[in-house]
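Trainee: Take a look at run_39.txt, compact mmCIF, C-alpha atoms:
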# COMPACT_ATOMS: atom_id res chain seq x y z
CA MET A 1 113.01 155.15 121.14
CA ALA A 2 116.40 154.98 122.70
CA GLY A 3 119.21 154.17 120.25
CA GLU A 4 118.27 153.45 116.64
CA ALA A 5 120.73 150.54 116.19
CA HIS A 6 119.61 148.90 119.40
CA THR A 7 115.94 148.93 118.44
CA ALA A 8 116.69 147.66 114.95
CA ALA A 9 118.65 144.74 116.34
CA ASP A 10 115.93 144.07 118.88
CA TYR A 11 113.30 144.21 116.19
CA ILE A 12 115.14 141.69 114.03
CA LYS A 13 115.88 139.42 116.96
CA HIS A 14 112.31 139.58 118.08
CA HIS A 15 111.08 138.54 114.66
CA LEU A 16 113.51 135.66 114.40
CA GLN A 17 112.61 134.20 117.78
CA ASN A 18 110.20 131.30 117.93
CA LEU A 19 107.60 130.90 120.65
CA THR A 20 109.45 128.29 122.67
CA PHE A 21 108.04 126.04 125.35
CA GLY A 22 110.45 124.23 127.61
CA ARG A 23 112.11 124.05 131.03
CA LEU A 24 112.81 127.50 132.43
CA PRO A 25 115.97 128.28 134.43
CA ASP A 26 114.04 128.08 137.70
CA GLY A 27 113.11 124.47 136.94
CA SER A 28 109.45 124.96 135.97
CA TRP A 29 108.03 124.43 132.47
CA GLY A 30 106.77 127.40 130.52
CA LEU A 31 107.27 129.84 127.64
CA ALA A 32 110.66 131.41 127.12
CA ASN A 33 110.53 135.17 127.52
CA SER A 34 113.85 135.96 125.87
CA PRO A 35 116.12 134.38 123.27
CA GLU A 36 118.62 133.57 126.01
CA GLN A 37 115.99 131.66 127.97
CA ALA A 38 114.97 129.78 124.84
CA LYS A 39 118.57 128.84 124.15
CA ALA A 40 119.07 127.64 127.72
CA MET A 41 116.18 125.18 127.29
CA GLY A 42 118.43 122.99 125.16
CA PHE A 43 117.06 120.26 122.89
CA TRP A 44 113.93 119.39 124.87
CA ALA A 45 111.92 122.43 123.95
CA ILE A 46 109.11 122.93 121.47
CA HIS A 47 108.43 125.73 119.03
CA LEU A 48 104.72 126.14 119.62
CA ASP A 49 104.26 128.59 116.74
CA THR A 50 105.94 126.30 114.19
CA LEU A 51 103.96 123.28 115.32
CA GLY A 52 100.71 125.17 115.69
CA VAL A 53 100.78 126.87 112.30
CA SER A 54 101.91 123.65 110.61
CA ILE A 55 99.11 121.65 112.18
CA VAL A 56 96.45 124.25 111.46
CA LEU A 57 97.53 124.54 107.83
CA GLY A 58 97.90 120.79 107.50
CA VAL A 59 94.39 120.25 108.80
CA LEU A 60 93.13 123.00 106.51
CA PHE A 61 94.75 121.28 103.52
CA LEU A 62 93.32 117.89 104.49
CA TRP A 63 89.87 119.29 105.12
CA LEU A 64 89.71 121.28 101.87
CA PHE A 65 90.99 118.44 99.69
CA ARG A 66 88.91 115.85 101.51
CA ARG A 67 85.84 117.95 100.84
CA ALA A 68 86.63 118.05 97.13
CA ALA A 69 87.38 114.32 97.10
CA ALA A 70 84.19 113.42 98.95
CA SER A 71 81.97 115.34 96.54
CA ALA A 72 83.94 114.46 93.41
CA THR A 73 81.87 113.52 90.38
CA ALA A 74 82.80 112.11 87.03
CA GLY A 75 80.86 114.89 85.34
CA VAL A 76 81.80 118.49 84.73
CA PRO A 77 83.74 119.61 87.83
CA GLY A 78 82.61 122.58 89.88
CA GLY A 79 84.90 125.39 90.99
CA TRP A 80 86.77 123.87 93.92
CA GLN A 81 86.78 120.35 92.56
CA ASN A 82 88.11 121.74 89.31
CA PHE A 83 91.00 123.41 91.13
CA VAL A 84 91.81 120.30 93.14
CA GLU A 85 91.69 118.17 90.00
CA TRP A 86 94.01 120.62 88.34
CA VAL A 87 96.52 120.38 91.19
CA VAL A 88 96.25 116.61 91.45
CA GLU A 89 96.69 116.27 87.70
CA PHE A 90 99.79 118.44 87.88
CA ILE A 91 101.26 116.36 90.71
CA ASP A 92 100.38 113.15 88.96
CA THR A 93 102.12 114.32 85.78
CA SER A 94 105.20 115.23 87.80
CA VAL A 95 105.26 111.84 89.49
CA ARG A 96 104.77 110.01 86.21
CA GLY A 97 107.59 112.05 84.70
CA SER A 98 110.12 111.56 87.47
CA PHE A 99 109.26 108.25 89.11
CA SER A 100 110.07 105.08 87.23
CA GLY A 101 110.21 102.58 90.09
CA GLY A 102 107.12 100.69 89.09
CA ARG A 103 103.86 100.94 90.97
CA ASN A 104 103.98 102.63 94.35
CA ASP A 105 100.76 104.04 95.76
CA LEU A 106 102.60 106.16 98.30
CA ILE A 107 104.53 108.44 95.95
CA ALA A 108 101.78 110.59 94.43
CA PRO A 109 99.86 111.29 97.67
CA LEU A 110 103.15 111.99 99.41
CA ALA A 111 104.12 114.42 96.66
CA LEU A 112 100.70 116.11 96.83
CA THR A 113 100.92 116.51 100.60
CA ILE A 114 104.45 117.86 100.47
CA PHE A 115 103.64 120.30 97.70
CA ILE A 116 100.44 121.72 99.15
CA TRP A 117 101.58 121.75 102.74
CA ILE A 118 104.90 123.46 102.03
CA PHE A 119 103.12 125.87 99.72
CA LEU A 120 100.68 126.82 102.49
CA LEU A 121 103.47 127.14 105.04
CA ASN A 122 105.46 129.31 102.65
CA LEU A 123 102.35 131.33 101.87
CA MET A 124 102.42 132.65 105.44
CA ASP A 125 105.50 134.56 104.33
CA LEU A 126 103.27 136.95 102.42
CA VAL A 127 101.32 138.03 105.48
CA PRO A 128 102.77 141.33 106.72
CA ILE A 129 105.38 140.36 109.25
CA ASP A 130 104.10 142.58 112.03
CA TRP A 131 100.47 141.49 111.90
CA ILE A 132 100.51 138.16 113.65
CA PRO A 133 103.31 138.93 116.17
CA GLY A 134 101.44 142.15 116.97
CA LEU A 135 98.20 140.24 117.47
CA MET A 136 99.93 137.63 119.60
CA ALA A 137 101.59 140.32 121.69
CA ALA A 138 98.13 141.68 122.35
CA LEU A 139 97.16 138.17 123.46
CA GLY A 140 100.15 138.03 125.82
CA LEU A 141 102.51 135.75 123.86
CA PRO A 142 106.05 137.15 123.83
CA TYR A 143 107.07 135.82 120.39
CA PHE A 144 105.41 134.41 117.34
CA LYS A 145 107.12 133.37 114.10
CA LEU A 146 104.40 132.78 111.57
CA VAL A 147 106.32 130.97 108.80
CA PRO A 148 107.17 127.39 109.89
CA THR A 149 109.48 126.85 106.91
CA THR A 150 111.82 129.54 108.28
CA ASP A 151 112.35 127.21 111.21
CA PRO A 152 114.95 124.53 110.38
CA ASN A 153 113.13 122.20 112.77
CA ALA A 154 110.18 122.07 110.40
CA THR A 155 112.17 121.64 107.21
CA PHE A 156 114.50 119.04 108.77
CA GLY A 157 111.49 117.24 110.15
CA MET A 158 110.09 116.84 106.68
CA SER A 159 113.38 116.02 104.99
CA ILE A 160 114.25 113.41 107.62
CA ALA A 161 110.86 111.79 107.11
CA VAL A 162 111.61 111.65 103.40
CA PHE A 163 115.09 110.30 104.18
CA LEU A 164 113.63 107.50 106.29
CA LEU A 165 111.37 106.57 103.39
CA VAL A 166 114.40 106.57 101.09
CA LEU A 167 116.21 104.19 103.47
CA TYR A 168 113.13 102.00 103.85
CA TYR A 169 112.66 101.59 100.11
CA SER A 170 116.40 101.13 99.53
CA PHE A 171 116.36 98.20 101.93
CA LYS A 172 113.07 96.87 100.65
CA ILE A 173 113.84 96.99 96.94
CA LYS A 174 117.56 96.24 96.90
CA GLY A 175 117.84 94.23 100.07
CA PRO A 176 120.47 95.02 102.75
CA GLY A 177 123.20 93.42 100.61
CA GLY A 178 122.24 95.30 97.50
CA PHE A 179 122.02 98.58 99.35
CA LEU A 180 125.40 98.01 100.96
CA ALA A 181 126.88 97.03 97.59
CA GLU A 182 125.53 100.23 96.10
CA LEU A 183 127.17 102.22 98.87
CA SER A 184 130.52 100.46 98.75
CA LEU A 185 131.15 99.26 95.16
CA HIS A 186 130.64 102.57 93.45
CA PRO A 187 132.29 104.57 91.83
CA PHE A 188 135.78 103.03 92.15
CA GLY A 189 135.07 99.29 92.04
CA LYS A 190 135.66 96.84 94.85
CA TRP A 191 139.32 97.81 95.48
CA GLY A 192 138.34 101.35 96.43
CA MET A 193 135.77 100.22 98.96
CA PRO A 194 136.62 102.63 101.84
CA ALA A 195 136.66 105.61 99.51
CA ASN A 196 133.43 104.46 97.91
CA LEU A 197 131.73 104.04 101.25
CA PHE A 198 132.89 107.48 102.34
CA LEU A 199 131.73 109.21 99.15
CA GLU A 200 128.42 107.40 98.92
CA THR A 201 127.62 108.01 102.57
CA ILE A 202 128.20 111.72 102.12
CA ASN A 203 126.05 111.53 99.02
CA LEU A 204 123.31 109.85 101.01
CA ILE A 205 123.46 112.19 103.98
CA ALA A 206 123.56 115.21 101.68
CA LYS A 207 120.07 114.41 100.45
CA PRO A 208 118.05 115.27 103.56
CA VAL A 209 120.45 118.04 104.56
CA SER A 210 120.27 119.80 101.22
CA LEU A 211 116.52 119.24 101.01
CA ALA A 212 115.94 120.89 104.38
CA LEU A 213 118.53 123.65 104.08
CA ARG A 214 117.41 124.71 100.62
CA LEU A 215 113.86 125.32 101.75
CA PHE A 216 114.90 126.82 105.07
CA GLY A 217 117.55 129.04 103.49
CA ASN A 218 115.28 130.44 100.82
CA LEU A 219 112.44 131.21 103.19
CA TYR A 220 114.67 132.45 105.97
CA ALA A 221 116.41 134.82 103.61
CA GLY A 222 113.09 135.98 102.23
CA GLU A 223 111.76 136.57 105.73
CA MET A 224 114.95 138.44 106.61
CA ILE A 225 114.52 140.76 103.64
CA PHE A 226 110.94 141.43 104.72
CA ILE A 227 112.17 142.30 108.20
CA LEU A 228 114.84 144.64 106.85
CA ILE A 229 112.31 146.30 104.55
CA ALA A 230 109.99 146.68 107.54
CA LEU A 231 112.77 148.51 109.39
CA LEU A 232 112.82 151.08 106.58
CA PHE A 233 109.25 152.09 107.38
CA GLY A 234 110.45 153.72 110.59
CA ALA A 235 113.05 155.89 108.85
CA GLY A 236 110.91 158.78 107.64
CA ILE A 237 108.21 159.29 105.04
CA GLY A 238 110.52 159.05 102.01
CA TRP A 239 112.10 155.80 103.18
CA GLY A 240 108.69 154.59 104.19
CA LEU A 241 107.36 155.06 100.68
CA MET A 242 110.35 153.29 99.25
CA ALA A 243 109.89 150.47 101.76
CA GLY A 244 106.33 150.12 100.53
CA PHE A 245 107.50 149.61 96.97
CA LEU A 246 110.26 147.27 98.03
CA GLN A 247 107.91 145.18 100.11
CA LEU A 248 105.42 145.04 97.26
CA GLY A 249 108.09 143.99 94.78
CA TRP A 250 109.56 141.43 97.14
CA ALA A 251 106.12 140.02 97.92
CA ILE A 252 105.30 139.68 94.23
CA PHE A 253 108.65 138.00 93.65
CA HIS A 254 107.91 135.72 96.57
CA ILE A 255 104.77 134.37 94.92
CA LEU A 256 107.24 132.70 92.58
CA ILE A 257 109.68 131.68 95.33
CA ILE A 258 107.18 129.98 97.61
CA THR A 259 105.64 127.99 94.76
CA LEU A 260 109.02 127.12 93.32
CA GLN A 261 110.44 125.96 96.68
CA ALA A 262 107.40 123.79 97.34
CA PHE A 263 107.74 122.33 93.84
CA ILE A 264 111.50 121.73 94.25
CA PHE A 265 111.00 119.97 97.58
CA MET A 266 108.31 117.79 96.02
CA THR A 267 110.27 116.98 92.86
CA LEU A 268 113.45 116.11 94.77
CA THR A 269 111.44 113.87 97.10
CA ILE A 270 110.12 112.02 94.08
CA VAL A 271 113.58 111.80 92.55
CA TYR A 272 115.20 110.51 95.75
CA LEU A 273 112.51 107.89 96.16
CA ASP A 274 112.94 106.97 92.51
CA MET A 275 116.66 106.49 93.10
CA ALA A 276 115.85 104.31 96.10
CA HIS A 277 113.80 102.12 93.76
CA GLN A 278 116.51 101.80 91.11
CA GLU A 279 118.35 98.50 91.05
CA HIS A 280 121.98 99.29 90.49
CA HIS A 281 123.50 98.16 87.24
CA MET B 1 107.93 144.98 121.19
CA ASN B 2 106.74 148.35 120.06
CA ILE B 3 103.92 149.09 117.72
CA ASN B 4 104.64 151.95 115.37
CA ALA B 5 104.05 153.25 111.86
CA THR B 6 105.66 150.12 110.45
CA LEU B 7 102.41 148.31 111.01
CA ILE B 8 100.47 150.89 109.03
CA GLY B 9 103.04 150.94 106.23
CA GLN B 10 103.00 147.17 106.01
CA SER B 11 99.25 147.05 106.01
CA ILE B 12 98.97 149.59 103.21
CA THR B 13 101.59 147.71 101.22
CA PHE B 14 99.76 144.48 101.88
CA ALA B 15 96.55 146.02 100.60
CA VAL B 16 98.37 147.04 97.41
CA PHE B 17 99.84 143.55 97.19
CA VAL B 18 96.42 141.97 97.51
CA TRP B 19 95.13 144.33 94.84
CA PHE B 20 98.04 143.32 92.61
CA CYS B 21 97.21 139.65 93.10
CA MET B 22 93.55 140.32 92.37
CA ARG B 23 94.45 142.21 89.24
CA TYR B 24 97.34 140.20 87.77
CA VAL B 25 97.74 136.86 89.53
CA TRP B 26 94.24 135.61 90.18
CA PRO B 27 92.59 136.18 86.76
CA PRO B 28 95.03 134.03 84.72
CA ILE B 29 94.59 131.16 87.18
CA VAL B 30 90.82 131.52 87.16
CA LYS B 31 90.88 131.72 83.38
CA ALA B 32 93.00 128.59 83.12
CA LEU B 33 90.63 126.78 85.45
CA GLU B 34 87.61 128.02 83.52
CA THR B 35 89.17 126.88 80.25
CA ARG B 36 89.85 123.50 81.79
CA ARG B 37 86.29 123.24 83.05
CA LYS B 38 84.91 124.22 79.67
CA THR B 39 87.12 121.72 77.88
CA ILE B 40 85.89 118.98 80.16
CA ALA B 41 82.29 120.06 79.73
CA ASP B 42 82.64 120.18 75.95
CA GLY B 43 84.31 116.81 75.91
CA LEU B 44 81.59 115.25 78.02
CA ALA B 45 78.87 116.88 75.93
CA ALA B 46 80.51 115.65 72.72
CA ALA B 47 80.76 112.16 74.13
CA GLU B 48 77.12 112.28 75.19
CA ARG B 49 76.11 113.53 71.76
CA GLY B 50 78.17 110.82 70.10
CA ARG B 51 76.58 108.14 72.22
CA HIS B 52 73.13 109.51 71.51
CA GLU B 53 73.80 109.60 67.78
CA GLN B 54 75.17 106.11 67.84
CA GLU B 55 72.05 104.96 69.65
CA LEU B 56 69.86 106.67 67.08
CA ALA B 57 71.83 105.14 64.23
CA ALA B 58 71.53 101.70 65.79
CA ARG B 59 67.79 102.14 66.21
CA ARG B 60 67.47 103.38 62.65
CA ALA B 61 69.48 100.44 61.38
CA ALA B 62 67.26 98.02 63.30
CA GLU B 63 64.18 99.71 61.91
CA THR B 64 65.46 99.56 58.36
CA LEU B 65 66.34 95.92 58.77
CA HIS B 66 62.90 95.16 60.14
CA ASP B 67 61.22 97.06 57.28
CA ALA B 68 63.30 95.19 54.75
CA LYS B 69 62.35 91.87 56.29
CA VAL B 70 58.67 92.73 56.28
CA LYS B 71 58.88 93.89 52.71
CA ALA B 72 60.71 90.79 51.65
CA ALA B 73 58.11 88.60 53.34
CA ASP B 74 55.38 90.61 51.58
CA ILE B 75 57.00 90.18 48.22
CA ILE B 76 57.39 86.45 48.73
CA ALA B 77 53.77 86.08 49.82
CA GLN B 78 52.62 88.09 46.83
CA ALA B 79 54.72 86.05 44.49
CA GLU B 80 53.31 82.83 45.89
CA LYS B 81 49.78 84.13 45.54
CA ARG B 82 50.47 85.23 42.03
CA ALA B 83 51.94 81.84 41.18
CA ALA B 84 48.89 80.07 42.54
CA GLN B 85 46.68 82.43 40.59
CA ILE B 86 48.57 81.79 37.38
CA ILE B 87 48.29 78.08 37.87
CA ASP B 88 44.56 78.36 38.51
CA GLU B 89 44.12 80.53 35.49
CA ALA B 90 46.10 78.14 33.37
CA LYS B 91 44.00 75.25 34.65
CA ALA B 92 40.78 77.07 33.89
CA ALA B 93 41.96 78.07 30.44
CA ALA B 94 43.01 74.53 29.66
CA LYS B 95 39.68 73.18 30.83
CA ALA B 96 37.76 75.72 28.78
CA GLU B 97 39.82 74.98 25.70
CA GLY B 98 39.27 71.27 26.16
CA GLU B 99 35.54 71.75 26.44
CA ARG B 100 35.54 74.04 23.45
CA LEU B 101 37.41 71.49 21.34
CA LEU B 102 35.09 68.76 22.54
CA ALA B 103 32.03 70.83 21.64
CA ALA B 104 33.45 71.67 18.24
CA ALA B 105 34.20 68.02 17.56
CA ARG B 106 30.71 67.05 18.62
CA ALA B 107 29.14 69.70 16.43
CA GLU B 108 31.17 68.55 13.45
CA ILE B 109 30.18 64.97 14.04
CA GLU B 110 26.55 65.93 14.24
CA GLN B 111 26.86 67.99 11.10
CA GLU B 112 28.53 65.13 9.27
CA ALA B 113 25.80 62.80 10.41
CA ARG B 114 23.06 65.20 9.33
CA ARG B 115 24.67 65.69 5.94
CA ALA B 116 25.00 61.98 5.50
CA ARG B 117 21.34 61.55 6.41
CA GLU B 118 20.32 64.25 3.97
CA GLN B 119 22.32 62.60 1.19
CA LEU B 120 20.88 59.25 2.07
CA ARG B 121 17.38 60.64 2.03
CA ALA B 122 17.89 62.32 -1.30
CA GLN B 123 19.29 59.11 -2.76
CA VAL B 124 16.44 57.06 -1.25
CA ALA B 125 13.94 59.49 -2.70
CA ALA B 126 15.59 59.18 -6.07
CA LEU B 127 15.68 55.39 -5.70
CA VAL B 128 12.03 55.30 -4.70
CA VAL B 129 11.08 57.44 -7.67
CA ALA B 130 13.16 55.31 -9.99
CA GLY B 131 11.68 52.15 -8.49
CA ALA B 132 8.18 53.46 -8.73
CA GLN B 133 8.74 54.57 -12.34
CA ARG B 134 9.92 51.20 -13.17
CA VAL B 135 6.94 49.63 -11.46
CA LEU B 136 4.31 51.85 -12.89
CA ARG B 137 5.93 52.44 -16.30
CA ARG B 138 5.44 56.02 -16.99
CA GLU B 139 2.03 56.00 -15.47
CA VAL B 140 3.12 58.02 -12.71
CA ASP B 141 3.65 61.61 -13.44
CA ALA B 142 6.49 62.92 -11.31
CA LYS B 143 4.86 66.30 -11.21
CA ALA B 144 1.38 65.07 -10.38
CA HIS B 145 2.62 62.78 -7.67
CA ALA B 146 5.24 65.01 -6.20
CA GLU B 147 3.23 65.40 -3.08
CA LEU B 148 2.97 61.71 -2.59
CA LEU B 149 6.62 61.15 -3.29
CA GLU B 150 7.60 63.83 -0.95
CA SER B 151 5.65 62.26 1.92
CA ILE B 152 7.17 58.89 1.17
CA ALA B 153 10.63 60.38 1.16
CA LYS B 154 9.87 62.04 4.47
CA GLU B 155 8.87 58.83 6.02
CA LEU B 156 12.20 57.34 5.16
Can you present the structure in this file as structure tokens?

Mentor:
Amino acid sequence: MAGEAHTAADYIKHHLQNLTFGRLPDGSWGLANSPEQAKAMGFWAIHLDTLGVSIVLGVLFLWLFRRAAASATAGVPGGWQNFVEWVVEFIDTSVRGSFSGGRNDLIAPLALTIFIWIFLLNLMDLVPIDWIPGLMAALGLPYFKLVPTTDPNATFGMSIAVFLLVLYYSFKIKGPGGFLAELSLHPFGKWGMPANLFLETINLIAKPVSLALRLFGNLYAGEMIFILIALLFGAGIGWGLMAGFLQLGWAIFHILIITLQAFIFMTLTIVYLDMAHQEHH
Amino acid sequence: MNINATLIGQSITFAVFVWFCMRYVWPPIVKALETRRKTIADGLAAAERGRHEQELAARRAAETLHDAKVKAADIIAQAEKRAAQIIDEAKAAAKAEGERLLAAARAEIEQEARRAREQLRAQVAALVVAGAQRVLRREVDAKAHAELLESIAKEL
């Protein structure tokens, strides 16, 4: 190992680099082999690890819950059905509590999908951070970032989807005029229209941004701490032991964080959609 | 990318973490789920029991009603029979009484007639004797001719 600081920086960089597919400097398409290459690919590049893990976990969620739904009975529920019922009941209670915009069949399934999917994505945070990249290195892939929610692309993707729904329902329920009135006649009355429009637009834009950044920030920071703790393992037996305890404590704490972040994302989605359904008074 | 002791340390820690979850995180969830399952099962069983009991009660009620109807019909039939019987009895008694009265009246009449005949006979006998005495002027001894007189009286 040549130069402790250099390796540590490399280690961190390596762990924060997504597996990126895009146009290489020589003009061909392929995987980026260094962060610089990935950066040079610009916007038209794809994080294969983020997409792959998200899709696999999404399909897993759909398959597991579909299985429970297909074999659901009105009688005493079995183990898995019981769990799914429990989760669905919880989501349904949350939606009933937060959503008052009348009947909308989209809200509860959307909330369930968001909650379970984000929870599963976050759950990847608890897998030891060297396992999967190590395995992938053995398979010849230069980088692999296991937790999609530490990639702002994933969190923004979800929050923008939610934002589009918010816009859709705002237009649908209030009409273009009503939506515009809400944006421009509040909070200062019609004489403060420019200021109102400015404030309300910021308010509107802040929704998807805060939704995405909150989830990303929490998970990214958590991942970062895991990486830093992992660095401690290399610093001798005493530090290694301490790193073990730290990682254990952080992982246990993260059980709370990943559930809480999934729940917050879900609840805020419900609340934003509820606001989109509110006629202004 | 270099593989070193970090991997081992992480793996050991992960094993401890999994143990921790098995020990302290999983059981409460499983227990909550089990409680939920049991609550549902109990609720369903109670509902089933309630329905069954209700069914039984309904059947029992129907049975009781049916019994009562049958009994009532029985009682009415019995009462009618009894009424008919009483009427018959009354008729028979009345008929018997009538016949008895008729017989008694007939017997009395017969008795009266016999007594009157006896009286008449006695008087006729006396008249005959008196007439004969007058005719024969003491020549006829009542004692000596008692037999003759008697036969005359009988012929009357």

Trainee: Would you mind reading off the distance between atom CA of Phe144 of chain A and atom CA of His15 of chain A, one decimal, in Å?

Mentor: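 These atoms are spaced 7.5 Å apart.
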
Trainee: Using only C-alpha atoms, which of A:Phe265, A:Tyr143, A:Tyr168, A:Trp117 sits nearest chain B?

Mentor: A:Tyr143

Trainee: Please provide the set of residues having any atom within 10 Å of segment 18-31 of chain B, restricted to only C-alpha atoms, with same-chain residues fewer than 2 positions apart removed, written as a PDB file with C-alpha atoms, keeping the file's coordinate frame.

Mentor:
ATOM      1  CA  GLY A  79      84.900 125.390  90.990  1.00  0.00           C
ATOM      2  CA  PHE A  83      91.000 123.410  91.130  1.00  0.00           C
ATOM      3  CA  LEU A 126     103.270 136.950 102.420  1.00  0.00           C
ATOM      4  CA  LEU A 248     105.420 145.040  97.260  1.00  0.00           C
ATOM      5  CA  ALA A 251     106.120 140.020  97.920  1.00  0.00           C
ATOM      6  CA  ILE A 252     105.300 139.680  94.230  1.00  0.00           C
ATOM      7  CA  ILE A 255     104.770 134.370  94.920  1.00  0.00           C
TER       8      ILE A 255
ATOM      9  CA  ILE B  12      98.970 149.590 103.210  1.00  0.00           C
ATOM     10  CA  THR B  13     101.590 147.710 101.220  1.00  0.00           C
ATOM     11  CA  PHE B  14      99.760 144.480 101.880  1.00  0.00           C
ATOM     12  CA  ALA B  15      96.550 146.020 100.600  1.00  0.00           C
ATOM     13  CA  VAL B  16      98.370 147.040  97.410  1.00  0.00           C
ATOM     14  CA  LEU B  33      90.630 126.780  85.450  1.00  0.00           C
ATOM     15  CA  GLU B  34      87.610 128.020  83.520  1.00  0.00           C
ATOM     16  CA  THR B  35      89.170 126.880  80.250  1.00  0.00           C
ATOM     17  CA  ARG B  36      89.850 123.500  81.790  1.00  0.00           C
ATOM     18  CA  ARG B  37      86.290 123.240  83.050  1.00  0.00           C
TER      19      ARG B  37
END

Trainee: May I have the residues of chain B within 6 Å of chain A, counting only C-alpha atoms, written as a PyMOL selection string?

Mentor: chain B and resi 6+10+13+17+41

Trainee: Find the distance between atom CA of Met224 of chain A and atom CA of Met124 of chain A and write it in Å to one decimal.

Mentor: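 Distance between the two atoms: 13.9 Å.
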
Trainee: Tell me, in Å to one decimal, how far atom CA of Lys143 of chain B is from atom CA of Leu127 of chain B.

Mentor: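 If I compute the distance from atom CA of Lys143 of chain B to atom CA of Leu127 of chain B, I get 16.3 Å.
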
Trainee: Pick out the residues sitting within 10 Å of Asp49 of chain A, and hand them over as a list in words; count only C-alpha atoms, and ignore anything fewer than 2 positions along from it in its own chain.

Mentor: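 Neighbouring residues, sequence-local ones excluded: Asn18, Leu19, Thr20, Phe21, Ile46, His47, Leu51, Gly52, Val53, Ser54, Ile55, Tyr143, Phe144, Lys145, Leu146, Val147, Pro148 and Asp151 of chain A.
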
Trainee: Could you list, as a PyMOL selection string, every residue within 9 Å of Leu219 of chain A, counting only C-alpha atoms and ignoring same-chain residues fewer than 6 positions away?

Mentor: chain A and resi 122+125+147+149-151+257-258+261

Trainee: Let me make sure I understand: among B:Val135, B:Ala126, B:Ala107, B:Arg100, which one has the smallest atom-to-atom distance to Leu149 of chain B if we use only C-alpha atoms?

Mentor: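 Of B:Val135, B:Ala126, B:Ala107, B:Arg100, the one nearest Leu149 of chain B is B:Ala126, counting only C-alpha atoms.
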
Trainee: Residues within 10 Å of Gln37 of chain A, please, as a PyMOL selection string. Count only C-alpha atoms; anything in the same chain fewer than 2 positions from it doesn't count.

Mentor: chain A and resi 20+22-25+31-35+39-42

Trainee: Tell me which protein, DNA and RNA residues are within 7 Å of segment 96-103 of chain A, counting only C-alpha atoms, leaving out same-chain ones fewer than 3 positions away, and put them as a list in words.

Mentor: Asp92, Thr93, Ile270, Val271, Asp274, His277 and Gln278 of chain A

Trainee: Those residues you just picked out, can you put them in a file as a short mmCIF file (atom, residue, chain, number, x, y, z; two decimals), in the coordinates of the input with C-alpha atoms?

Mentor:
data_model
loop_
_atom_site.label_atom_id
_atom_site.label_comp_id
_atom_site.auth_asym_id
_atom_site.auth_seq_id
_atom_site.Cartn_x
_atom_site.Cartn_y
_atom_site.Cartn_z
CA ASP A 92 100.38 113.15 88.96
CA THR A 93 102.12 114.32 85.78
CA ILE A 270 110.12 112.02 94.08
CA VAL A 271 113.58 111.80 92.55
CA ASP A 274 112.94 106.97 92.51
CA HIS A 277 113.80 102.12 93.76
CA GLN A 278 116.51 101.80 91.11
#

Trainee: Could you give me the axis-aligned bounding box of segment 72-78 of chain B, with 5 Å of padding per side, as centre plus edge lengths in Å to one decimal, as JSON?

Mentor:
{"center_x": 56.7, "center_y": 88.4, "center_z": 50.1, "size_x": 18.1, "size_y": 14.7, "size_z": 16.5}

Trainee: Name the residues within 12 Å of (120.9, 95.1, 98.1), counting only C-alpha atoms in the file's coordinates, and put them as a ChimeraX atom specification.

Mentor: /A:167-185,276-281
